[in-house]
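Asker: Structure file data_1.cif, mmCIF, C-alpha atoms, is pasted below:
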```
data_protein
loop_
_atom_site.label_atom_id
_atom_site.label_comp_id
_atom_site.auth_asym_id
_atom_site.auth_seq_id
_atom_site.Cartn_x
_atom_site.Cartn_y
_atom_site.Cartn_z
CA MET A 234 251.56 147.96 154.73
CA TRP A 235 254.59 150.32 154.65
CA LYS A 236 257.71 148.93 156.19
CA LYS A 237 260.90 150.86 156.65
CA ASN A 238 263.89 148.79 155.58
CA GLU A 239 267.45 148.99 156.84
CA SER A 240 268.52 151.63 154.34
CA GLY A 241 265.83 153.98 155.60
CA SER A 242 263.56 153.63 152.61
CA PHE A 243 259.96 152.50 152.72
CA THR A 244 259.12 149.26 151.02
CA SER A 245 255.60 148.20 150.32
CA GLN A 246 254.47 144.74 151.28
CA ALA A 247 251.11 143.14 150.82
CA PRO A 248 249.43 142.36 154.15
CA THR A 249 250.14 138.75 155.11
CA HIS A 250 247.71 138.27 157.96
CA MET A 251 244.62 138.22 155.81
CA PRO A 252 243.60 135.03 154.04
CA VAL A 253 243.69 135.63 150.33
CA SER A 254 241.51 133.63 148.02
CA GLN A 255 242.81 132.43 144.66
CA PRO A 256 240.91 134.93 142.48
CA GLU A 257 241.99 137.80 144.74
CA ARG A 258 245.60 136.72 144.57
CA SER A 259 245.61 137.04 140.81
CA ARG A 260 244.22 140.56 141.10
CA LYS A 261 246.69 143.42 140.86
CA GLU A 262 247.93 144.47 144.26
CA LEU A 263 247.48 148.05 145.32
CA SER A 264 248.80 150.15 148.17
CA THR A 265 247.12 153.32 149.31
CA ILE A 266 248.52 156.22 151.25
CA GLY A 267 245.49 157.70 152.97
CA SER A 268 244.68 161.37 153.18
CA SER A 269 245.88 161.67 156.78
CA MET A 270 249.26 160.09 156.02
CA THR A 271 252.55 161.87 155.44
CA ILE A 272 255.53 159.91 154.19
CA THR A 273 259.04 161.24 153.78
CA GLY A 274 261.72 159.16 152.13
CA GLU A 275 262.16 156.74 149.28
CA LEU A 276 259.15 154.71 148.20
CA THR A 277 259.78 151.51 146.26
CA GLY A 278 257.71 148.39 145.78
CA ASN A 279 256.10 145.81 143.57
CA GLU A 280 252.53 146.93 143.39
CA ASP A 281 250.45 149.84 142.21
CA LEU A 282 250.20 152.88 144.44
CA GLU A 283 247.53 155.46 145.18
CA VAL A 284 248.50 158.59 147.05
CA HIS A 285 245.81 160.58 148.80
CA GLY A 286 248.09 162.01 151.48
CA LYS A 287 251.48 163.73 151.41
CA VAL A 288 254.71 162.30 150.11
CA GLU A 289 258.13 163.93 150.05
CA GLY A 290 261.20 162.21 148.65
CA THR A 291 261.20 159.83 145.71
CA VAL A 292 258.73 157.28 144.38
CA SER A 293 260.08 154.46 142.26
CA LEU A 294 257.66 151.78 141.05
CA LYS A 295 259.05 151.08 137.64
CA LYS A 296 256.76 148.21 136.72
CA HIS A 297 253.62 149.61 138.28
CA SER A 298 251.22 152.49 138.11
CA VAL A 299 250.94 155.46 140.43
CA LEU A 300 247.85 157.55 140.98
CA ILE A 301 248.00 160.84 142.84
CA GLY A 302 244.46 161.45 144.01
CA GLU A 303 242.81 164.85 144.16
CA ARG A 304 243.88 165.32 147.76
CA GLY A 305 247.36 163.96 147.20
CA ARG A 306 250.32 166.33 147.61
CA VAL A 307 253.66 165.07 146.38
CA LYS A 308 257.06 166.73 146.44
CA ALA A 309 259.05 164.02 144.77
CA ASP A 310 260.36 162.64 141.53
CA ILE A 311 258.12 159.78 140.46
CA CYS A 312 259.27 156.93 138.29
CA ALA A 313 256.62 154.39 137.26
CA LYS A 314 255.16 152.51 134.32
CA SER A 315 252.11 154.72 134.30
CA ILE A 316 251.47 157.91 136.29
CA ARG A 317 248.15 159.69 136.72
CA VAL A 318 247.97 162.95 138.62
CA GLY A 319 244.73 164.35 139.98
CA GLY A 320 246.34 166.23 142.86
CA GLU A 321 249.49 168.30 143.18
CA VAL A 322 253.01 167.25 142.25
CA LYS A 323 256.20 169.27 142.48
CA GLY A 324 258.85 167.08 140.97
CA ASN A 325 259.81 165.27 137.81
CA LEU A 326 257.68 162.48 136.34
CA PHE A 327 259.19 159.57 134.42
CA GLY A 328 256.51 157.33 132.92
CA GLU A 329 257.64 154.31 130.95
CA ASP A 330 254.25 154.05 129.23
CA GLU A 331 252.38 157.25 129.97
CA VAL A 332 251.81 160.25 132.15
CA ILE A 333 248.30 161.67 132.45
CA ILE A 334 247.53 164.93 134.23
CA LEU A 335 243.87 164.74 135.11
CA GLN A 336 241.45 167.66 135.09
CA THR A 337 242.16 168.46 138.73
CA GLY A 338 245.89 167.82 138.49
CA ARG A 339 248.62 170.42 139.01
CA VAL A 340 252.20 169.58 138.12
CA GLU A 341 255.35 171.65 138.32
CA GLY A 342 258.35 169.78 136.98
CA ASP A 343 259.64 167.95 133.96
CA ILE A 344 257.91 165.00 132.32
CA LYS A 345 259.52 162.27 130.31
CA ALA A 346 257.21 159.61 128.93
CA ALA A 347 256.29 157.78 125.75
CA ARG A 348 252.85 159.34 125.89
CA VAL A 349 251.72 162.45 127.76
CA THR A 350 248.12 163.54 128.15
CA LEU A 351 246.93 166.78 129.71
CA GLU A 352 243.22 166.83 130.40
CA ASN A 353 241.28 170.08 130.05
CA GLY A 354 241.58 172.15 133.18
CA SER A 355 244.85 170.62 134.32
CA LYS A 356 247.74 172.92 135.22
CA PHE A 357 251.30 172.25 134.18
CA LYS A 358 254.53 174.19 134.20
CA GLY A 359 257.77 172.59 133.11
CA SER A 360 258.99 170.60 130.16
CA ILE A 361 257.71 167.54 128.33
CA ASP A 362 260.24 165.34 126.62
CA MET A 363 258.59 163.37 123.85
CA GLU A 364 260.13 160.85 121.51
CA PRO A 365 257.53 159.40 119.19
CA LYS A 366 257.98 155.80 118.18
CA GLY A 367 258.56 155.38 114.44
CA ASP A 368 255.13 154.00 113.58
CA GLU A 369 253.42 156.58 115.78
CA LYS A 370 255.19 159.42 114.00
CA GLU A 371 254.24 158.02 110.61
CA ARG A 372 250.64 157.54 111.70
CA SER A 373 250.40 161.10 113.04
CA SER A 374 251.88 162.46 109.88
CA ALA A 375 249.44 160.43 107.79
CA GLU A 376 246.54 161.60 109.95
CA ASP A 377 247.62 165.18 109.51
CA SER A 378 247.84 164.74 105.74
CA ALA A 379 244.42 163.08 105.65
CA ALA A 380 242.93 165.87 107.75
CA LYS A 381 244.51 168.46 105.47
CA ALA A 382 243.18 166.72 102.38
CA ALA A 383 239.70 166.50 103.89
CA LYS A 384 239.79 170.15 104.81
CA SER A 385 241.52 171.40 101.69
CA GLY A 386 238.36 172.71 100.11
CA GLU A 387 237.26 174.38 103.32
CA ASN A 388 240.74 175.69 104.09
CA GLY A 389 241.19 177.11 100.66
CA ARG A 390 238.05 179.09 101.13
CA LEU A 391 239.08 180.05 104.67
CA ALA A 392 242.53 181.11 103.66
CA ALA A 393 241.12 183.35 101.05
CA GLN A 394 238.64 184.83 103.48
CA SER A 395 240.73 185.18 106.60
CA SER A 396 243.98 186.05 104.98
CA SER A 397 245.41 189.38 105.07
CA LEU A 398 244.28 192.79 104.44
CA THR A 399 248.00 193.32 104.08
CA SER A 400 250.59 190.60 103.95
CA ARG A 401 254.28 190.66 103.39
CA SER A 402 257.38 188.69 104.05
CA THR A 403 260.79 190.23 104.61
CA SER A 404 262.68 186.97 104.70
CA PRO A 405 261.86 183.32 104.14
CA VAL A 406 260.49 181.71 107.29
CA MET B 290 233.29 173.55 117.95
CA GLU B 291 232.33 176.44 115.79
CA LEU B 292 234.20 177.65 112.78
CA THR B 293 234.15 181.42 112.77
CA SER B 294 234.58 182.54 109.22
CA PRO B 295 234.60 184.99 107.62
CA TRP B 296 235.85 187.12 110.49
CA THR B 297 235.94 190.77 111.06
CA ALA B 298 237.83 192.18 113.99
CA GLU B 299 234.59 193.04 115.73
CA GLN B 300 233.20 189.56 115.19
CA PHE B 301 236.37 187.93 116.45
CA TRP B 302 236.28 189.50 119.90
CA ARG B 303 232.51 189.41 120.15
CA THR B 304 232.46 185.68 119.48
CA SER B 305 235.50 185.28 121.73
CA ARG B 306 233.40 186.35 124.65
CA ALA B 307 231.02 183.47 124.14
CA LYS B 308 231.80 180.15 125.74
CA GLY B 309 233.57 177.32 123.94
CA SER B 310 236.59 176.90 121.71
CA ARG B 311 236.79 178.30 118.24
CA GLU B 312 239.10 177.65 115.37
CA TYR B 313 241.50 180.08 113.85
CA HIS B 314 243.27 179.53 110.58
CA SER B 315 246.88 180.64 110.98
CA LEU B 316 248.98 181.72 108.05
CA ALA B 317 252.28 181.61 109.93
CA LEU B 318 251.91 178.26 111.65
CA PRO B 319 252.47 175.93 108.64
CA GLY B 320 255.89 177.43 107.95
CA LEU B 321 256.90 177.19 111.59
CA VAL B 322 255.78 173.59 111.92
CA ALA B 323 257.51 172.57 108.69
CA ARG B 324 260.80 173.54 110.33
CA LEU B 325 260.30 170.92 113.04
CA ASP B 326 260.46 167.97 110.66
CA GLY B 327 263.98 166.73 110.90
CA GLU B 328 266.25 164.21 112.50
CA ARG B 329 267.38 166.19 115.48
CA LYS B 330 265.41 166.93 118.60
CA PHE B 331 263.74 170.34 118.63
CA ARG B 332 263.05 172.55 121.59
CA VAL B 333 259.80 174.46 121.70
CA LEU B 334 258.91 177.02 124.36
CA ASP B 335 255.21 177.70 124.84
CA LEU B 336 254.81 180.88 126.89
CA GLY B 337 251.09 180.22 127.28
CA PRO B 338 249.33 177.82 129.63
CA ALA B 339 249.46 174.07 129.09
CA HIS B 340 246.88 172.61 126.74
CA GLY B 341 246.43 168.93 125.99
CA LEU B 342 245.81 169.62 122.33
CA THR B 343 249.14 171.39 121.88
CA VAL B 344 250.97 168.63 123.76
CA GLU B 345 249.27 166.05 121.57
CA PHE B 346 250.24 167.97 118.44
CA PHE B 347 253.91 168.20 119.38
CA SER B 348 254.01 164.56 120.46
CA ARG B 349 254.32 163.58 116.80
CA PHE B 350 257.64 165.38 116.53
CA SER B 351 260.89 164.59 118.16
CA CYS B 352 260.87 167.54 120.47
CA LYS B 353 261.02 168.79 123.99
CA LEU B 354 258.16 171.11 124.82
CA TYR B 355 258.64 173.66 127.59
CA ILE B 356 255.51 175.24 129.04
CA ALA B 357 255.97 178.49 130.92
CA ASP B 358 252.39 179.63 131.65
CA LEU B 359 254.00 183.04 131.86
CA TYR B 360 251.06 185.42 132.19
CA ARG B 361 249.50 183.61 135.13
CA THR B 362 252.75 183.31 137.01
CA LEU B 363 253.73 186.90 136.23
CA GLN B 364 250.47 188.09 137.79
CA SER B 365 251.49 186.56 141.09
CA TYR B 366 254.40 189.05 141.28
CA GLY B 367 252.01 192.02 141.30
CA ILE B 368 254.20 194.35 139.23
CA GLU B 369 253.34 198.04 139.62
CA PRO B 370 254.37 200.82 137.20
CA PRO B 371 257.61 202.37 138.47
CA ASP B 372 258.35 206.03 139.19
CA ASP B 373 260.70 207.67 136.69
CA GLU B 374 263.55 207.65 139.21
CA GLU B 375 263.12 203.97 139.85
CA GLU B 376 263.23 202.85 136.22
CA ASP B 377 266.74 201.40 136.28
CA GLU B 378 265.98 199.56 139.49
CA GLU B 379 262.73 198.31 137.99
CA GLY B 380 264.57 197.02 134.91
CA ASP B 381 266.84 194.96 137.15
CA ARG B 382 263.88 193.71 139.12
CA LEU B 383 262.04 192.65 135.96
CA SER B 384 265.13 190.88 134.67
CA LYS B 385 265.27 188.90 137.91
CA ILE B 386 261.57 188.07 137.72
CA PHE B 387 261.83 186.79 134.15
CA ALA B 388 264.92 184.81 135.08
CA GLU B 389 262.85 183.11 137.77
CA LEU B 390 259.91 182.53 135.45
CA LEU B 391 262.05 181.16 132.63
CA PRO B 392 264.73 179.30 134.59
CA TYR B 393 266.51 177.56 131.76
CA ASP B 394 270.14 176.64 131.88
CA PRO B 395 272.53 178.65 129.70
CA TYR B 396 272.88 175.77 127.25
CA THR B 397 269.18 175.57 126.43
CA ARG B 398 268.42 177.09 123.06
CA PHE B 399 264.89 177.10 121.71
CA ASP B 400 264.06 176.54 118.07
CA LEU B 401 260.57 177.93 118.39
CA VAL B 402 259.00 180.26 120.94
CA LEU B 403 255.20 180.55 121.00
CA ALA B 404 254.24 183.87 122.55
CA TRP B 405 250.67 183.82 121.18
CA ASP B 406 248.88 187.04 122.20
CA LEU B 407 250.99 187.61 125.33
CA LEU B 408 252.70 190.79 124.07
CA ASN B 409 249.31 192.55 124.07
CA TYR B 410 249.20 192.09 127.84
CA LEU B 411 252.71 193.20 128.76
CA GLU B 412 253.97 196.70 129.44
CA PRO B 413 256.77 197.84 127.12
CA ARG B 414 259.36 197.43 129.92
CA GLU B 415 258.07 193.88 130.47
CA ILE B 416 258.40 193.08 126.77
CA GLU B 417 261.98 194.37 126.93
CA ALA B 418 262.80 192.21 129.92
CA LEU B 419 261.14 189.17 128.35
CA SER B 420 262.99 189.73 125.09
CA ARG B 421 266.33 190.00 126.92
CA ARG B 422 265.60 186.73 128.68
CA LEU B 423 264.52 184.97 125.47
CA ALA B 424 267.59 186.24 123.62
CA ARG B 425 269.68 184.30 126.14
CA SER B 426 267.93 181.08 125.12
CA SER B 427 267.83 181.69 121.36
CA HIS B 428 270.09 180.71 118.51
CA ALA B 429 270.54 182.14 115.04
CA ALA B 430 267.50 180.35 113.65
CA THR B 431 265.10 180.71 116.57
CA ARG B 432 261.60 181.74 115.54
CA LEU B 433 259.23 183.62 117.81
CA PHE B 434 255.54 183.55 116.97
CA ALA B 435 253.37 186.37 118.31
CA MET B 436 250.00 187.92 117.61
CA ILE B 437 249.44 191.63 118.02
CA ALA B 438 245.90 192.94 118.27
CA ILE B 439 245.16 195.77 115.89
CA HIS B 440 241.60 196.18 117.11
CA GLN B 441 240.86 198.66 119.90
CA GLU B 442 239.58 196.12 122.39
CA ILE B 443 240.89 192.75 123.47
CA PRO B 444 239.77 190.26 126.09
CA ALA B 445 240.90 191.31 129.58
CA ARG B 446 243.23 188.33 129.78
CA PRO B 447 245.14 186.37 127.11
CA CYS B 448 243.18 183.83 125.10
CA GLY B 449 244.11 180.19 125.44
CA PHE B 450 245.60 179.25 122.07
CA LYS B 451 246.11 175.59 121.20
CA ILE B 452 247.39 173.90 118.08
CA ARG B 453 244.85 171.61 116.47
CA ASP B 454 246.90 170.78 113.39
CA SER B 455 249.68 172.38 111.40
CA GLU B 456 247.33 175.01 110.00
CA THR B 457 244.68 175.46 112.62
CA LEU B 458 244.68 177.04 116.05
CA GLU B 459 241.92 176.80 118.59
CA TYR B 460 241.36 179.56 121.08
CA ASP B 461 239.14 180.24 124.01
CA THR B 462 238.79 183.18 126.31
CA VAL B 463 238.71 182.91 130.05
CA THR B 464 236.75 186.08 130.68
CA PRO B 465 233.98 188.06 128.96
CA GLU B 466 235.58 191.34 130.12
CA THR B 467 237.62 193.45 127.72
CA ARG B 468 240.37 196.04 127.92
CA SER B 469 241.94 198.42 125.45
CA ALA B 470 244.62 196.97 123.21
CA PRO B 471 248.11 198.53 123.21
CA ARG B 472 248.27 198.00 119.43
CA HIS B 473 252.06 197.78 119.29
CA LYS B 474 253.48 198.90 115.98
CA GLU B 475 256.36 197.14 114.24
CA PRO B 476 258.96 199.85 114.99
CA THR B 477 258.00 199.71 118.66
CA LEU B 478 258.41 195.96 118.72
CA ARG B 479 261.78 196.22 116.99
CA ARG B 480 262.92 198.70 119.65
CA LEU B 481 261.63 196.60 122.53
CA MET B 482 262.99 193.33 121.18
CA PRO B 483 266.59 193.87 120.09
CA GLY B 484 268.00 190.86 118.28
CA PHE B 485 264.60 189.73 117.04
CA GLU B 486 263.99 190.76 113.44
CA VAL B 487 260.57 190.62 111.82
CA GLY B 488 260.77 187.63 109.49
CA SER B 489 257.21 187.82 108.27
CA THR B 490 253.98 189.40 109.29
CA CYS B 491 250.42 189.45 108.10
CA VAL B 492 247.28 191.18 109.24
CA LEU B 493 244.25 188.98 109.41
CA ARG B 494 240.66 190.01 109.14
CA ASN B 495 240.12 188.85 112.67
CA GLY B 496 241.98 191.85 114.04
CA LEU B 497 245.19 190.02 114.81
CA GLN B 498 248.52 190.62 113.17
CA GLU B 499 250.68 187.52 113.13
CA TYR B 500 254.40 188.09 113.51
CA VAL B 501 257.21 185.63 113.03
CA PHE B 502 260.38 187.05 114.53
CA VAL B 503 263.75 185.58 113.67
CA PHE B 504 266.52 185.88 116.20
CA SER B 505 269.58 187.35 114.59
CA GLY B 506 271.74 187.71 117.66
CA LEU B 507 272.44 190.64 119.91
CA THR B 508 274.97 193.15 118.76
CA THR B 509 277.25 194.24 121.55
CA PRO B 510 277.59 198.02 121.61
CA SER B 511 281.04 199.04 120.45
CA PRO B 512 283.27 200.72 123.01
CA ALA B 513 282.98 204.51 123.11
CA GLY B 514 285.33 206.31 120.81
#
```
What would you get if you wrote out this structure as structure tokens?
Answerer:
Amino acid sequence: MWKKNESGSFTSQAPTHMPVSQPERSRKELSTIGSSMTITGELTGNEDLEVHGKVEGTVSLKKHSVLIGERGRVKADICAKSIRVGGEVKGNLFGEDEVIILQTGRVEGDIKAARVTLENGSKFKGSIDMEPKGDEKERSSAEDSAAKAAKSGENGRLAAQSSSLTSRSTSPV
Amino acid sequence: MELTSPWTAEQFWRTSRAKGSREYHSLALPGLVARLDGERKFRVLDLGPAHGLTVEFFSRFSCKLYIADLYRTLQSYGIEPPDDEEEDEEGDRLSKIFAELLPYDPYTRFDLVLAWDLLNYLEPREIEALSRRLARSSHAATRLFAMIAIHQEIPARPCGFKIRDSETLEYDTVTPETRSAPRHKEPTLRRLMPGFEVGSTCVLRNGLQEYVFVFSGLTTPSPAG
């Protein structure tokens, strides 16, 4: 499934020796790096990837999704359409659509993606670069305003109750 | 989710020991968040652990969020109190440790630093070293948000604070054990954090005092004579 090309990088190819029926052909292709596998180098390809073993180097699947399974250990920058991490990654993640760190995921590195989700229990250290799309920003702002309005009665009461025994301000903040 | 109100200091920590997240109405947060609404990209440093809720909250702003998970990583260094003679050496060592934990390039300047309740869990010399490191990554308008416990007891480890919305924080504790609170006073904090002035502060009924520090720059000591 993994073939080393002339430049020394690994390129994924769908197996050709197996007869593929029409419905199967239309299904999304997927490559898997098993838990006993270790790959060092540059991974590129035209299908989705699941990593359950070890990868060191770079992973570039710009139009596809990458899943790092719970047992997956990756020391690499990953560039993909969608990235989900349930294992361990030391490296930067570039997700065109989204990056999700699952409950069991541990990531040390920088993330750049349109949407980033950290599930409860996940561990992350690094930076997250977020640039909300215009409509998303407006929607969030509207949601916040709506939530505030809905809570205004409750908050007013809370503010009065939980606010200070002493309160002061030495400069505008 | 349980809304704990009205709070007393005793209630706050007692309910903190129970499982589950609770909400906390912050008086400082709205002002800090309002500063993030603008055209340019903001940089926010969260010294606490990563939480999906906080990431989700900041995703609506044009910002880069840095997550340091400082307390957990600091624990792995196993810092022991120094002997008197070793204090200078220890100061250098701490500076190196914080430089490793907050490895930002010299051009990175944060607009907002979220320290949460971390200062309650650091020794004074650690607060000094942290402050020196943060000063390096601050600009004239940098805000630092911290909570100082005024109650005698606090959870044995920092609470996990997350931002639900621009007025509400959620918190949960990771341990039912408690320890005594250092109860840092404002003059002590001023001494330990040169360059960071107290912009505003308020004591809440829950036993926490919210501080917003404003970085005003470090003054270089004038040459002797």
Asker: Counting all atoms listed in the file, which of B:Arg494, B:Lys474, B:Arg311, B:Arg453 gets nearest to chain A?
Answerer: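 Nearest to chain A: B:Arg494.
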Asker: Given only C-alpha atoms as the basis, pick out the residue of B:Ile437, B:Ala317, B:Arg382, B:Glu345 nearest to Ile333 of chain A.
Answerer: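 Ranking B:Ile437, B:Ala317, B:Arg382, B:Glu345 by distance to Ile333 of chain A, first place goes to B:Glu345.
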Asker: Please determine, counting all atoms listed in the file, which residue among A:Lys356, A:Arg304, A:Lys314, A:Lys261 has the shortest atom-to-atom distance to Asp330 of chain A.
Answerer: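 When distances to Asp330 of chain A are compared using all atoms listed in the file, the smallest one comes from A:Lys314.
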Asker: Rounded to one decimal in Å, what is the spacing between atom CA of Arg329 of chain B and atom CA of Ser351 of chain B?
Answerer: 7.2 Å
Asker: What would the selection look like, as a PyMOL selection string, if the PyMOL selection byres ((chain B and resi 412-417) around 9) were run on the coordinates I just shared?
Answerer: chain B and resi 370+379-380+383-384+387+408-411+418-422+471+477-478+480-483
Asker: Any idea what the distance is between atom CA of Ala470 of chain B and atom CA of Ile443 of chain B?
Answerer: 5.6 Å
Asker: Could the residues of chain B within 7 Å of chain A, counting all atoms listed in the file, be given as an MDAnalysis selection string, please?
Answerer: chainID B and resid 294:296 320 339:341 348:358 454 488:494
Asker: List as number ranges by chain the protein and nucleic acid residues near Ile316 of chain A, meaning an atom at most 8 Å away when only C-alpha atoms are counted, but skip any in the same chain fewer than 3 places from it.
Answerer: A: 298-301, 313, 326, 328, 331-333
Asker: What gap, in Å, lies between atom CA of Gly338 of chain A and atom CA of Val402 of chain B?
Answerer: 25.2 Å
Asker: So what does the PyMOL selection byres ((chain A and resi 290) around 6) actually pick up in this one, as a list in words?
Answerer: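 Matching residues under the PyMOL selection byres ((chain A and resi 290) around 6) are Thr273, Gly274, Glu275, Glu289, Thr291 and Ala309 of chain A.
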Asker: Selection in question (the file shown): the PyMOL selection byres ((chain B and resi 448) around 10). Which residues does it include, as an mmCIF file with C-alpha atoms, keeping the file's coordinate frame?
Answerer:
```
data_model
loop_
_atom_site.group_PDB
_atom_site.id
_atom_site.type_symbol
_atom_site.label_atom_id
_atom_site.label_comp_id
_atom_site.auth_asym_id
_atom_site.auth_seq_id
_atom_site.Cartn_x
_atom_site.Cartn_y
_atom_site.Cartn_z
ATOM 1 C CA SER B 305 235.500 185.280 121.730
ATOM 2 C CA GLY B 337 251.090 180.220 127.280
ATOM 3 C CA PRO B 338 249.330 177.820 129.630
ATOM 4 C CA TRP B 405 250.670 183.820 121.180
ATOM 5 C CA ASP B 406 248.880 187.040 122.200
ATOM 6 C CA LEU B 407 250.990 187.610 125.330
ATOM 7 C CA ILE B 443 240.890 192.750 123.470
ATOM 8 C CA PRO B 444 239.770 190.260 126.090
ATOM 9 C CA ALA B 445 240.900 191.310 129.580
ATOM 10 C CA ARG B 446 243.230 188.330 129.780
ATOM 11 C CA PRO B 447 245.140 186.370 127.110
ATOM 12 C CA GLY B 449 244.110 180.190 125.440
ATOM 13 C CA PHE B 450 245.600 179.250 122.070
ATOM 14 C CA LYS B 451 246.110 175.590 121.200
ATOM 15 C CA GLU B 459 241.920 176.800 118.590
ATOM 16 C CA TYR B 460 241.360 179.560 121.080
ATOM 17 C CA ASP B 461 239.140 180.240 124.010
ATOM 18 C CA THR B 462 238.790 183.180 126.310
ATOM 19 C CA VAL B 463 238.710 182.910 130.050
ATOM 20 C CA THR B 464 236.750 186.080 130.680
#
```
Asker: Because some atoms of segment 316-335 of chain A are absent here, can you restore N, CA and C atoms and send them as a PDB file, keeping the file's coordinate frame?
Answerer:
```pdb
ATOM      1  N   ILE A 316     251.694 156.941 135.203  1.00  0.00           N
ATOM      2  CA  ILE A 316     251.470 157.910 136.290  1.00  0.00           C
ATOM      3  C   ILE A 316     250.239 158.738 135.949  1.00  0.00           C
ATOM      4  N   ARG A 317     249.323 158.820 136.894  1.00  0.00           N
ATOM      5  CA  ARG A 317     248.150 159.690 136.720  1.00  0.00           C
ATOM      6  C   ARG A 317     248.107 160.665 137.890  1.00  0.00           C
ATOM      7  N   VAL A 318     247.920 161.938 137.561  1.00  0.00           N
ATOM      8  CA  VAL A 318     247.970 162.950 138.620  1.00  0.00           C
ATOM      9  C   VAL A 318     246.644 163.703 138.663  1.00  0.00           C
ATOM     10  N   GLY A 319     245.954 163.581 139.773  1.00  0.00           N
ATOM     11  CA  GLY A 319     244.730 164.350 139.980  1.00  0.00           C
ATOM     12  C   GLY A 319     244.928 165.389 141.066  1.00  0.00           C
ATOM     13  N   GLY A 320     246.036 165.291 141.779  1.00  0.00           N
ATOM     14  CA  GLY A 320     246.340 166.230 142.860  1.00  0.00           C
ATOM     15  C   GLY A 320     247.495 167.132 142.475  1.00  0.00           C
ATOM     16  N   GLU A 321     248.402 167.346 143.428  1.00  0.00           N
ATOM     17  CA  GLU A 321     249.490 168.300 143.180  1.00  0.00           C
ATOM     18  C   GLU A 321     250.839 167.599 143.245  1.00  0.00           C
ATOM     19  N   VAL A 322     251.657 167.836 142.250  1.00  0.00           N
ATOM     20  CA  VAL A 322     253.010 167.250 142.250  1.00  0.00           C
ATOM     21  C   VAL A 322     254.026 168.336 141.938  1.00  0.00           C
ATOM     22  N   LYS A 323     255.036 168.445 142.799  1.00  0.00           N
ATOM     23  CA  LYS A 323     256.200 169.270 142.480  1.00  0.00           C
ATOM     24  C   LYS A 323     257.366 168.313 142.380  1.00  0.00           C
ATOM     25  N   GLY A 324     257.782 168.049 141.181  1.00  0.00           N
ATOM     26  CA  GLY A 324     258.850 167.080 140.970  1.00  0.00           C
ATOM     27  C   GLY A 324     258.787 166.573 139.538  1.00  0.00           C
ATOM     28  N   ASN A 325     259.748 165.773 139.185  1.00  0.00           N
ATOM     29  CA  ASN A 325     259.810 165.270 137.810  1.00  0.00           C
ATOM     30  C   ASN A 325     259.083 163.923 137.692  1.00  0.00           C
ATOM     31  N   LEU A 326     258.444 163.713 136.551  1.00  0.00           N
ATOM     32  CA  LEU A 326     257.680 162.480 136.340  1.00  0.00           C
ATOM     33  C   LEU A 326     258.307 161.689 135.187  1.00  0.00           C
ATOM     34  N   PHE A 327     258.650 160.443 135.461  1.00  0.00           N
ATOM     35  CA  PHE A 327     259.190 159.570 134.420  1.00  0.00           C
ATOM     36  C   PHE A 327     258.213 158.406 134.239  1.00  0.00           C
ATOM     37  N   GLY A 328     257.487 158.394 133.157  1.00  0.00           N
ATOM     38  CA  GLY A 328     256.510 157.330 132.920  1.00  0.00           C
ATOM     39  C   GLY A 328     256.954 156.470 131.765  1.00  0.00           C
ATOM     40  N   GLU A 329     257.164 155.185 132.032  1.00  0.00           N
ATOM     41  CA  GLU A 329     257.640 154.310 130.950  1.00  0.00           C
ATOM     42  C   GLU A 329     256.581 154.244 129.841  1.00  0.00           C
ATOM     43  N   ASP A 330     255.331 154.106 130.224  1.00  0.00           N
ATOM     44  CA  ASP A 330     254.250 154.050 129.230  1.00  0.00           C
ATOM     45  C   ASP A 330     253.603 155.420 129.034  1.00  0.00           C
ATOM     46  N   GLU A 331     253.123 155.995 130.144  1.00  0.00           N
ATOM     47  CA  GLU A 331     252.380 157.250 129.970  1.00  0.00           C
ATOM     48  C   GLU A 331     252.319 158.063 131.250  1.00  0.00           C
ATOM     49  N   VAL A 332     252.089 159.349 131.039  1.00  0.00           N
ATOM     50  CA  VAL A 332     251.810 160.250 132.150  1.00  0.00           C
ATOM     51  C   VAL A 332     250.516 160.986 131.781  1.00  0.00           C
ATOM     52  N   ILE A 333     249.568 160.963 132.687  1.00  0.00           N
ATOM     53  CA  ILE A 333     248.300 161.670 132.450  1.00  0.00           C
ATOM     54  C   ILE A 333     248.082 162.664 133.575  1.00  0.00           C
ATOM     55  N   ILE A 334     247.907 163.937 133.210  1.00  0.00           N
ATOM     56  CA  ILE A 334     247.530 164.930 134.230  1.00  0.00           C
ATOM     57  C   ILE A 334     246.025 165.115 134.102  1.00  0.00           C
ATOM     58  N   LEU A 335     245.326 164.700 135.130  1.00  0.00           N
ATOM     59  CA  LEU A 335     243.870 164.740 135.110  1.00  0.00           C
ATOM     60  C   LEU A 335     243.363 166.174 135.274  1.00  0.00           C
TER      61      LEU A 335
END
```
